[in-house]
file coords.cif (mmCIF, C-alpha atoms and all ligand atoms; chains and numbers go by the auth columns)
data_input
#
loop_
_atom_site.group_PDB
_atom_site.id
_atom_site.type_symbol
_atom_site.label_atom_id
_atom_site.label_comp_id
_atom_site.label_asym_id
_atom_site.label_seq_id
_atom_site.Cartn_x
_atom_site.Cartn_y
_atom_site.Cartn_z
_atom_site.B_iso_or_equiv
_atom_site.auth_seq_id
_atom_site.auth_asym_id
ATOM 1 C CA MET A 1 188.751 32.403 244.439 0.00 1 A
ATOM 2 C CA ALA A 2 186.691 35.604 244.506 0.00 2 A
ATOM 3 C CA ASN A 3 189.572 37.823 245.585 0.00 3 A
ATOM 4 C CA GLU A 4 189.843 39.701 242.288 0.00 4 A
ATOM 5 C CA TRP A 5 186.225 40.941 242.578 0.00 5 A
ATOM 6 C CA SER A 6 187.027 43.626 245.199 0.00 6 A
ATOM 7 C CA LEU A 7 183.864 43.057 247.268 0.00 7 A
ATOM 8 C CA HIS A 8 182.860 44.712 250.495 0.00 8 A
ATOM 9 C CA PRO A 9 185.327 43.706 253.271 0.00 9 A
ATOM 10 C CA TYR A 10 182.572 41.906 255.226 0.00 10 A
ATOM 11 C CA ILE A 11 181.279 39.933 252.268 0.00 11 A
ATOM 12 C CA GLU A 12 184.729 38.964 250.995 0.00 12 A
ATOM 13 C CA PRO A 13 185.509 36.321 253.674 0.00 13 A
ATOM 14 C CA ILE A 14 182.076 34.747 253.098 0.00 14 A
ATOM 15 C CA TRP A 15 182.685 34.472 249.374 0.00 15 A
ATOM 16 C CA ALA A 16 186.106 33.044 250.029 0.00 16 A
ATOM 17 C CA ASN A 17 184.526 30.203 252.010 0.00 17 A
ATOM 18 C CA ILE A 18 181.941 29.248 249.391 0.00 18 A
ATOM 19 C CA ASN A 19 183.344 26.136 247.857 0.00 19 A
ATOM 20 C CA LEU A 20 182.036 22.683 247.007 0.00 20 A
ATOM 21 C CA GLU A 21 182.302 21.457 250.600 0.00 21 A
ATOM 22 C CA PHE A 22 180.277 24.424 251.821 0.00 22 A
ATOM 23 C CA MET A 23 177.649 23.838 249.150 0.00 23 A
ATOM 24 C CA ILE A 24 177.288 20.170 250.142 0.00 24 A
ATOM 25 C CA LYS A 25 177.040 21.015 253.838 0.00 25 A
ATOM 26 C CA PHE A 26 174.469 23.722 253.082 0.00 26 A
ATOM 27 C CA SER A 27 172.401 21.328 250.967 0.00 27 A
ATOM 28 C CA VAL A 28 172.460 18.653 253.666 0.00 28 A
ATOM 29 C CA ILE A 29 171.426 21.139 256.374 0.00 29 A
ATOM 30 C CA TYR A 30 168.728 22.534 254.078 0.00 30 A
ATOM 31 C CA PHE A 31 167.443 19.026 253.396 0.00 31 A
ATOM 32 C CA PHE A 32 167.223 18.245 257.132 0.00 32 A
ATOM 33 C CA VAL A 33 165.484 21.528 257.908 0.00 33 A
ATOM 34 C CA VAL A 34 162.886 20.809 255.201 0.00 34 A
ATOM 35 C CA TRP A 35 162.539 17.237 256.478 0.00 35 A
ATOM 36 C CA VAL A 36 161.937 18.306 260.078 0.00 36 A
ATOM 37 C CA ALA A 37 159.502 21.022 258.929 0.00 37 A
ATOM 38 C CA LEU A 38 157.564 18.446 256.881 0.00 38 A
ATOM 39 C CA ILE A 39 157.459 16.013 259.822 0.00 39 A
ATOM 40 C CA ILE A 40 155.943 18.774 261.984 0.00 40 A
ATOM 41 C CA TRP A 41 153.513 19.701 259.188 0.00 41 A
ATOM 42 C CA VAL A 42 152.376 16.075 258.722 0.00 42 A
ATOM 43 C CA ALA A 43 151.949 15.646 262.496 0.00 43 A
ATOM 44 C CA LYS A 44 149.764 18.772 262.662 0.00 44 A
ATOM 45 C CA ASP A 45 147.847 18.022 259.480 0.00 45 A
ATOM 46 C CA ILE A 46 146.968 14.441 260.419 0.00 46 A
ATOM 47 C CA SER A 47 145.801 15.505 263.885 0.00 47 A
ATOM 48 C CA TYR A 48 143.157 17.685 262.151 0.00 48 A
ATOM 49 C CA ARG A 49 142.079 14.858 259.865 0.00 49 A
ATOM 50 C CA SER A 50 142.021 11.692 261.953 0.00 50 A
ATOM 51 C CA HIS A 51 140.975 10.779 265.490 0.00 51 A
ATOM 52 C CA SER A 52 142.995 7.568 265.324 0.00 52 A
ATOM 53 C CA ARG A 53 146.257 7.834 267.287 0.00 53 A
ATOM 54 C CA VAL A 54 147.600 4.743 265.484 0.00 54 A
ATOM 55 C CA PHE A 55 147.063 6.298 262.077 0.00 55 A
ATOM 56 C CA GLN A 56 148.581 9.588 263.248 0.00 56 A
ATOM 57 C CA ILE A 57 151.734 7.854 264.533 0.00 57 A
ATOM 58 C CA PHE A 58 151.882 5.690 261.380 0.00 58 A
ATOM 59 C CA CYS A 59 151.890 8.758 259.114 0.00 59 A
ATOM 60 C CA VAL A 60 154.526 10.596 261.156 0.00 60 A
ATOM 61 C CA LEU A 61 156.735 7.498 261.387 0.00 61 A
ATOM 62 C CA LEU A 62 156.611 6.976 257.618 0.00 62 A
ATOM 63 C CA MET A 63 157.512 10.651 257.206 0.00 63 A
ATOM 64 C CA ILE A 64 160.572 10.139 259.426 0.00 64 A
ATOM 65 C CA LEU A 65 161.587 6.905 257.654 0.00 65 A
ATOM 66 C CA PHE A 66 161.012 7.814 254.032 0.00 66 A
ATOM 67 C CA THR A 67 162.404 11.358 253.911 0.00 67 A
ATOM 68 C CA PRO A 68 160.461 14.259 252.371 0.00 68 A
ATOM 69 C CA LEU A 69 159.426 12.154 249.349 0.00 69 A
ATOM 70 C CA TRP A 70 156.817 10.499 251.598 0.00 70 A
ATOM 71 C CA VAL A 71 154.936 13.784 251.732 0.00 71 A
ATOM 72 C CA LEU A 72 153.689 13.222 248.156 0.00 72 A
ATOM 73 C CA LEU A 73 152.289 9.828 249.110 0.00 73 A
ATOM 74 C CA TYR A 74 150.909 11.242 252.361 0.00 74 A
ATOM 75 C CA ILE A 75 148.913 13.874 250.457 0.00 75 A
ATOM 76 C CA LEU A 76 147.392 11.023 248.422 0.00 76 A
ATOM 77 C CA ILE A 77 146.422 8.792 251.358 0.00 77 A
ATOM 78 C CA ARG A 78 145.398 11.345 253.990 0.00 78 A
ATOM 79 C CA PRO A 79 141.651 11.712 254.694 0.00 79 A
ATOM 80 C CA ARG A 80 140.301 14.217 252.204 0.00 80 A
ATOM 81 C CA LYS A 81 138.295 16.209 254.733 0.00 81 A
ATOM 82 C CA SER A 82 139.530 17.571 258.019 0.00 82 A
ATOM 83 C CA MET A 83 137.470 16.883 261.133 0.00 83 A
ATOM 84 C CA TYR A 84 136.395 20.527 261.098 0.00 84 A
ATOM 85 C CA ASP A 85 134.996 20.072 257.564 0.00 85 A
ATOM 86 C CA LYS A 86 133.177 16.901 258.647 0.00 86 A
ATOM 87 C CA CYS A 87 131.695 18.744 261.639 0.00 87 A
ATOM 88 C CA SER A 88 130.491 21.685 259.576 0.00 88 A
ATOM 89 C CA ASP A 89 129.018 19.289 256.985 0.00 89 A
ATOM 90 C CA GLU A 90 127.099 17.541 259.750 0.00 90 A
ATOM 91 C CA ILE A 91 125.854 20.844 261.183 0.00 91 A
ATOM 92 C CA GLU A 92 124.759 21.980 257.719 0.00 92 A
ATOM 93 C CA TRP A 93 122.893 18.700 257.167 0.00 93 A
ATOM 94 C CA ASN A 94 121.128 18.988 260.532 0.00 94 A
ATOM 95 C CA LEU A 95 120.218 22.614 259.833 0.00 95 A
ATOM 96 C CA GLY A 96 118.682 21.436 256.546 0.00 96 A
ATOM 97 C CA ILE A 97 116.476 18.943 258.392 0.00 97 A
ATOM 98 C CA LEU A 98 115.544 21.544 261.015 0.00 98 A
ATOM 99 C CA ASN A 99 114.633 23.988 258.274 0.00 99 A
ATOM 100 C CA GLU A 100 112.375 21.381 256.640 0.00 100 A
ATOM 101 C CA ILE A 101 110.641 20.693 259.957 0.00 101 A
ATOM 102 C CA VAL A 102 110.088 24.416 260.559 0.00 102 A
ATOM 103 C CA GLN A 103 108.782 24.912 257.004 0.00 103 A
ATOM 104 C CA ASP A 104 106.419 21.932 257.427 0.00 104 A
ATOM 105 C CA HIS A 105 105.213 23.331 260.723 0.00 105 A
ATOM 106 C CA ILE A 106 104.604 26.781 259.244 0.00 106 A
ATOM 107 C CA GLU A 107 102.719 25.271 256.302 0.00 107 A
ATOM 108 C CA THR A 108 100.494 23.058 258.439 0.00 108 A
ATOM 109 C CA THR A 109 99.802 25.728 261.051 0.00 109 A
ATOM 110 C CA THR A 110 98.961 28.499 258.582 0.00 110 A
ATOM 111 C CA ALA A 111 97.148 26.335 256.022 0.00 111 A
ATOM 112 C CA ASP A 112 94.535 25.125 258.504 0.00 112 A
ATOM 113 C CA TYR A 113 93.257 28.492 259.594 0.00 113 A
ATOM 114 C CA ILE A 114 90.796 29.625 257.011 0.00 114 A
ATOM 115 C CA CYS A 115 87.283 30.725 257.797 0.00 115 A
ATOM 116 C CA PRO A 116 84.903 27.869 256.861 0.00 116 A
ATOM 117 C CA SER A 117 82.279 30.404 255.729 0.00 117 A
ATOM 118 C CA CYS A 118 84.185 32.916 253.620 0.00 118 A
ATOM 119 C CA ASP A 119 87.632 31.323 253.136 0.00 119 A
ATOM 120 C CA GLU A 120 89.424 34.387 254.535 0.00 120 A
ATOM 121 C CA GLU A 121 92.610 33.779 256.491 0.00 121 A
ATOM 122 C CA ILE A 122 92.089 33.755 260.234 0.00 122 A
ATOM 123 C CA GLN A 123 94.235 33.208 263.318 0.00 123 A
ATOM 124 C CA PRO A 124 93.905 29.977 265.332 0.00 124 A
ATOM 125 C CA ASP A 125 92.691 31.842 268.418 0.00 125 A
ATOM 126 C CA PHE A 126 89.964 33.848 266.654 0.00 126 A
ATOM 127 C CA ILE A 127 86.500 33.304 268.114 0.00 127 A
ATOM 128 C CA ILE A 128 84.684 35.052 265.294 0.00 128 A
ATOM 129 C CA CYS A 129 85.653 35.698 261.668 0.00 129 A
ATOM 130 C CA PRO A 130 86.453 39.413 261.227 0.00 130 A
ATOM 131 C CA SER A 131 85.256 39.335 257.596 0.00 131 A
ATOM 132 C CA CYS A 132 81.914 37.528 257.713 0.00 132 A
ATOM 133 C CA LYS A 133 81.292 37.424 261.478 0.00 133 A
ATOM 134 C CA ALA A 134 80.783 33.646 261.366 0.00 134 A
ATOM 135 C CA SER A 135 81.391 32.123 264.764 0.00 135 A
ATOM 136 C CA LEU A 136 84.543 30.043 264.720 0.00 136 A
ATOM 137 C CA LYS A 137 84.526 28.661 268.233 0.00 137 A
ATOM 138 C CA ASP A 138 81.966 26.818 270.243 0.00 138 A
ATOM 139 C CA THR A 139 81.796 26.345 273.940 0.00 139 A
ATOM 140 C CA CYS A 140 81.669 22.832 275.304 0.00 140 A
ATOM 141 C CA HIS A 141 78.375 22.545 277.145 0.00 141 A
ATOM 142 C CA GLU A 142 80.043 20.353 279.753 0.00 142 A
ATOM 143 C CA CYS A 143 83.382 22.016 280.627 0.00 143 A
ATOM 144 C CA HIS A 144 82.727 25.405 278.949 0.00 144 A
ATOM 145 C CA LYS A 145 86.086 25.488 277.248 0.00 145 A
ATOM 146 C CA LEU A 146 86.387 26.990 273.776 0.00 146 A
ATOM 147 C CA ILE A 147 86.473 24.350 271.047 0.00 147 A
ATOM 148 C CA ARG A 148 86.442 24.585 267.264 0.00 148 A
ATOM 149 C CA GLU A 149 83.134 24.641 265.475 0.00 149 A
ATOM 150 C CA GLY A 150 82.216 21.304 263.995 0.00 150 A
ATOM 151 C CA TRP A 151 84.151 19.172 266.466 0.00 151 A
ATOM 152 C CA LYS A 152 82.076 16.126 267.337 0.00 152 A
ATOM 153 C CA VAL A 153 83.590 15.644 270.759 0.00 153 A
ATOM 154 C CA CYS A 154 85.213 17.996 273.268 0.00 154 A
ATOM 155 C CA PRO A 155 88.950 17.233 273.373 0.00 155 A
ATOM 156 C CA TYR A 156 89.140 18.419 277.006 0.00 156 A
ATOM 157 C CA CYS A 157 86.347 16.396 278.620 0.00 157 A
ATOM 158 C CA GLU A 158 85.349 13.847 275.943 0.00 158 A
ATOM 159 C CA THR A 159 81.724 15.040 275.972 0.00 159 A
ATOM 160 C CA LYS A 160 79.890 14.528 272.689 0.00 160 A
ATOM 161 C CA GLN A 161 78.809 17.834 271.146 0.00 161 A
ATOM 162 C CA LYS A 162 75.297 18.403 269.889 0.00 162 A
ATOM 163 C CA LYS A 163 74.989 19.222 266.181 0.00 163 A
ATOM 164 C CA LYS A 164 74.263 22.905 265.600 0.00 164 A
ATOM 165 C CA LYS A 165 72.136 24.282 262.833 0.00 165 A
ATOM 166 C CA LYS A 166 74.377 25.341 259.914 0.00 166 A
ATOM 167 C CA ASN A 167 75.267 29.015 259.502 0.00 167 A
ATOM 168 C CA LYS A 168 73.036 31.074 257.279 0.00 168 A
ATOM 169 C CA ASP A 169 76.242 32.520 255.832 0.00 169 A
ATOM 170 C CA LYS A 170 76.928 29.216 254.066 0.00 170 A
ATOM 171 C CA LYS A 171 74.307 30.042 251.453 0.00 171 A
ATOM 172 C CA LYS A 172 76.228 33.166 250.421 0.00 172 A
ATOM 173 C CA LYS A 173 79.438 31.202 249.914 0.00 173 A
ATOM 174 C CA ASN A 174 79.034 30.686 246.188 0.00 174 A
ATOM 175 C CA ASP A 175 78.185 34.338 245.415 0.00 175 A
HETATM 176 ZN ZN ZN B . 84.498 34.429 257.422 0.00 1 B
HETATM 177 ZN ZN ZN B . 84.347 19.786 277.359 0.00 2 B
#
call {"tool": "encode", "arguments": {"input": "coords.cif", "output": "structure tokens", "more": "lines below"}}
Ligand SMILES: [Zn+2]
Ligand SMILES: [Zn+2]
result
Amino acid sequence: MANEWSLHPYIEPIWANINLEFMIKFSVIYFFVVWVALIIWVAKDISYRSHSRVFQIFCVLLMILFTPLWVLLYILIRPRKSMYDKCSDEIEWNLGILNEIVQDHIETTTADYICPSCDEEIQPDFIICPSCKASLKDTCHECHKLIREGWKVCPYCETKQKKKKKNKDKKKKND
């Protein structure tokens, strides 16, 4: 067949054997190798995408029954997202909520602390305003704990607080 081509002595016997029968055998072996590889691929792929053992076995069985053509259908019917994708989506969603809560907390905690006399920003544990020296905390006359100015009742001992005379600083507020 290929004897006239004067090929390398090792290649020559191989060429001599390439005939129709060889081609058919090669194609059949190739087909089976691809088939087995696809079965393994489907088995792995579906285990990432579905918890359901029944569905996993169903997909692999169809792959075995319907030859490699089934792989086209499988790609259409398999769950679009892998379980890893679903997990990371869920984590992202939860992080979004957490972020909102933290932002809310920051807003409410920082927004509240402004000096009632001069509107300067203050810290929640300040006793006196560093800008206008207005007193920011009172002492409960019953339990002597520090409470915020203007509170009508002590949150620690429930004692009603006497009304204090307003700060002189208030007059200067509109300057
Ligand atoms: Zn102030
Ligand atoms: Zn008290």
call {"tool": "closest_residue", "arguments": {"input": "coords.cif", "among": "A:Leu69, A:Tyr156, A:Phe31, A:Leu76", "to": "His144 of chain A", "atoms": "all atoms listed in the file"}}
result
A:Tyr156
call {"tool": "closest_atom_pairs", "arguments": {"input": "coords.cif", "of": "chain A", "to": "ligand ZN 2 (chain B)", "cutoff": "12 Å", "atoms": "only C-alpha atoms and all ligand atoms", "output": "tab-separated table"}}
result
residue	atom	partner	partner_atom	distance
A:Asp138	CA	B:ZN2	ZN	10.3
A:Thr139	CA	B:ZN2	ZN	7.8
A:Cys140	CA	B:ZN2	ZN	4.5
A:His141	CA	B:ZN2	ZN	6.6
A:Glu142	CA	B:ZN2	ZN	5.0
A:Cys143	CA	B:ZN2	ZN	4.1
A:His144	CA	B:ZN2	ZN	6.1
A:Lys145	CA	B:ZN2	ZN	6.0
A:Leu146	CA	B:ZN2	ZN	8.3
A:Ile147	CA	B:ZN2	ZN	8.1
A:Arg148	CA	B:ZN2	ZN	11.4
A:Trp151	CA	B:ZN2	ZN	10.9
A:Lys152	CA	B:ZN2	ZN	10.9
A:Val153	CA	B:ZN2	ZN	7.8
A:Cys154	CA	B:ZN2	ZN	4.5
A:Pro155	CA	B:ZN2	ZN	6.6
A:Tyr156	CA	B:ZN2	ZN	5.0
A:Cys157	CA	B:ZN2	ZN	4.1
A:Glu158	CA	B:ZN2	ZN	6.2
A:Thr159	CA	B:ZN2	ZN	5.6
A:Lys160	CA	B:ZN2	ZN	8.3
A:Gln161	CA	B:ZN2	ZN	8.5
A:Lys162	CA	B:ZN2	ZN	11.8
call {"tool": "atom_distance", "arguments": {"input": "coords.cif", "atom1": "atom CA of Asp119 of chain A", "atom2": "atom CA of Glu149 of chain A"}}
result
14.7 Å
call {"tool": "resolve_selection", "arguments": {"input": "coords.cif", "expression": "the PyMOL selection byres (((not hetatm)) within 6 of (chain B and resi 1))", "output": "NGL selection string"}}
result
:A and (115 or 117-118 or 120 or 129 or 131-134)
call {"tool": "residues_around", "arguments": {"input": "coords.cif", "residues": "segment 82-92 of chain A", "least_positions_apart": "2", "cutoff": "8 Å", "atoms": "only C-alpha atoms", "output": "list in words"}}
result
Tyr48, Arg49, Ser50, Pro79, Arg80, Asn94, Leu95 and Gly96 of chain A
call {"tool": "atom_distance", "arguments": {"input": "coords.cif", "atom1": "atom CA of Asp104 of chain A", "atom2": "atom CA of Gln123 of chain A"}}
result
17.6 Å
call {"tool": "atom_distance", "arguments": {"input": "coords.cif", "atom1": "atom CA of Val42 of chain A", "atom2": "atom CA of Tyr74 of chain A"}}
result
8.1 Å
call {"tool": "closest_residue", "arguments": {"input": "coords.cif", "among": "A:Ile29, A:Gln103, A:Pro68, A:His8", "to": "Trp41 of chain A", "atoms": "all atoms listed in the file"}}
result
A:Pro68
call {"tool": "closest_residue", "arguments": {"input": "coords.cif", "among": "A:Glu121, A:Thr67, A:Ala16, A:Leu136", "to": "Phe32 of chain A", "atoms": "all atoms listed in the file"}}
result
A:Thr67
call {"tool": "residues_around", "arguments": {"input": "coords.cif", "residues": "Leu62 of chain A", "least_positions_apart": "2", "cutoff": "12 Å", "atoms": "all atoms listed in the file", "output": "CSV table (one decimal) with C-alpha atoms, in the frame of the given file"}}
result
chain,number,residue,atom,x,y,z
A,35,TRP,CA,162.5,17.2,256.5
A,38,LEU,CA,157.6,18.4,256.9
A,39,ILE,CA,157.5,16.0,259.8
A,42,VAL,CA,152.4,16.1,258.7
A,43,ALA,CA,151.9,15.6,262.5
A,55,PHE,CA,147.1,6.3,262.1
A,56,GLN,CA,148.6,9.6,263.2
A,57,ILE,CA,151.7,7.9,264.5
A,58,PHE,CA,151.9,5.7,261.4
A,59,CYS,CA,151.9,8.8,259.1
A,60,VAL,CA,154.5,10.6,261.2
A,64,ILE,CA,160.6,10.1,259.4
A,65,LEU,CA,161.6,6.9,257.7
A,66,PHE,CA,161.0,7.8,254.0
A,67,THR,CA,162.4,11.4,253.9
A,68,PRO,CA,160.5,14.3,252.4
A,69,LEU,CA,159.4,12.2,249.3
A,70,TRP,CA,156.8,10.5,251.6
A,71,VAL,CA,154.9,13.8,251.7
A,72,LEU,CA,153.7,13.2,248.2
A,73,LEU,CA,152.3,9.8,249.1
A,74,TYR,CA,150.9,11.2,252.4
call {"tool": "closest_residue", "arguments": {"input": "coords.cif", "among": "A:Ile46, A:Leu98, A:Phe26, A:Ile11", "to": "Arg78 of chain A", "atoms": "only C-alpha atoms"}}
result
A:Ile46
call {"tool": "build_atoms", "arguments": {"input": "coords.cif", "residues": "segment 44-55 of chain A", "atoms": "N, CA and C atoms", "output": "mmCIF file, in the frame of the given file"}}
result
data_model
loop_
_atom_site.group_PDB
_atom_site.id
_atom_site.type_symbol
_atom_site.label_atom_id
_atom_site.label_comp_id
_atom_site.auth_asym_id
_atom_site.auth_seq_id
_atom_site.Cartn_x
_atom_site.Cartn_y
_atom_site.Cartn_z
ATOM 1 N N LYS A 44 150.873 17.831 262.425
ATOM 2 C CA LYS A 44 149.764 18.772 262.662
ATOM 3 C C LYS A 44 148.588 18.444 261.750
ATOM 4 N N ASP A 45 148.893 18.238 260.475
ATOM 5 C CA ASP A 45 147.847 18.022 259.480
ATOM 6 C C ASP A 45 147.016 16.783 259.800
ATOM 7 N N ILE A 46 147.705 15.690 260.186
ATOM 8 C CA ILE A 46 146.968 14.441 260.419
ATOM 9 C C ILE A 46 146.134 14.546 261.697
ATOM 10 N N SER A 47 146.590 15.374 262.655
ATOM 11 C CA SER A 47 145.801 15.505 263.885
ATOM 12 C C SER A 47 144.481 16.236 263.606
ATOM 13 N N TYR A 48 144.419 17.041 262.529
ATOM 14 C CA TYR A 48 143.157 17.685 262.151
ATOM 15 C C TYR A 48 142.240 16.736 261.398
ATOM 16 N N ARG A 49 142.847 15.681 260.788
ATOM 17 C CA ARG A 49 142.079 14.858 259.865
ATOM 18 C C ARG A 49 141.666 13.501 260.411
ATOM 19 N N SER A 50 142.359 13.026 261.459
ATOM 20 C CA SER A 50 142.021 11.692 261.953
ATOM 21 C C SER A 50 142.032 11.668 263.472
ATOM 22 N N HIS A 51 141.022 10.969 264.044
ATOM 23 C CA HIS A 51 140.975 10.779 265.490
ATOM 24 C C HIS A 51 141.944 9.694 265.916
ATOM 25 N N SER A 52 142.265 8.776 264.972
ATOM 26 C CA SER A 52 142.995 7.568 265.324
ATOM 27 C C SER A 52 144.470 7.864 265.620
ATOM 28 N N ARG A 53 144.860 7.615 266.873
ATOM 29 C CA ARG A 53 146.257 7.834 267.287
ATOM 30 C C ARG A 53 147.201 6.951 266.468
ATOM 31 N N VAL A 54 146.757 5.692 266.214
ATOM 32 C CA VAL A 54 147.600 4.743 265.484
ATOM 33 C C VAL A 54 147.905 5.288 264.092
ATOM 34 N N PHE A 55 146.878 5.771 263.433
ATOM 35 C CA PHE A 55 147.063 6.298 262.077
ATOM 36 C C PHE A 55 147.940 7.552 262.094
#
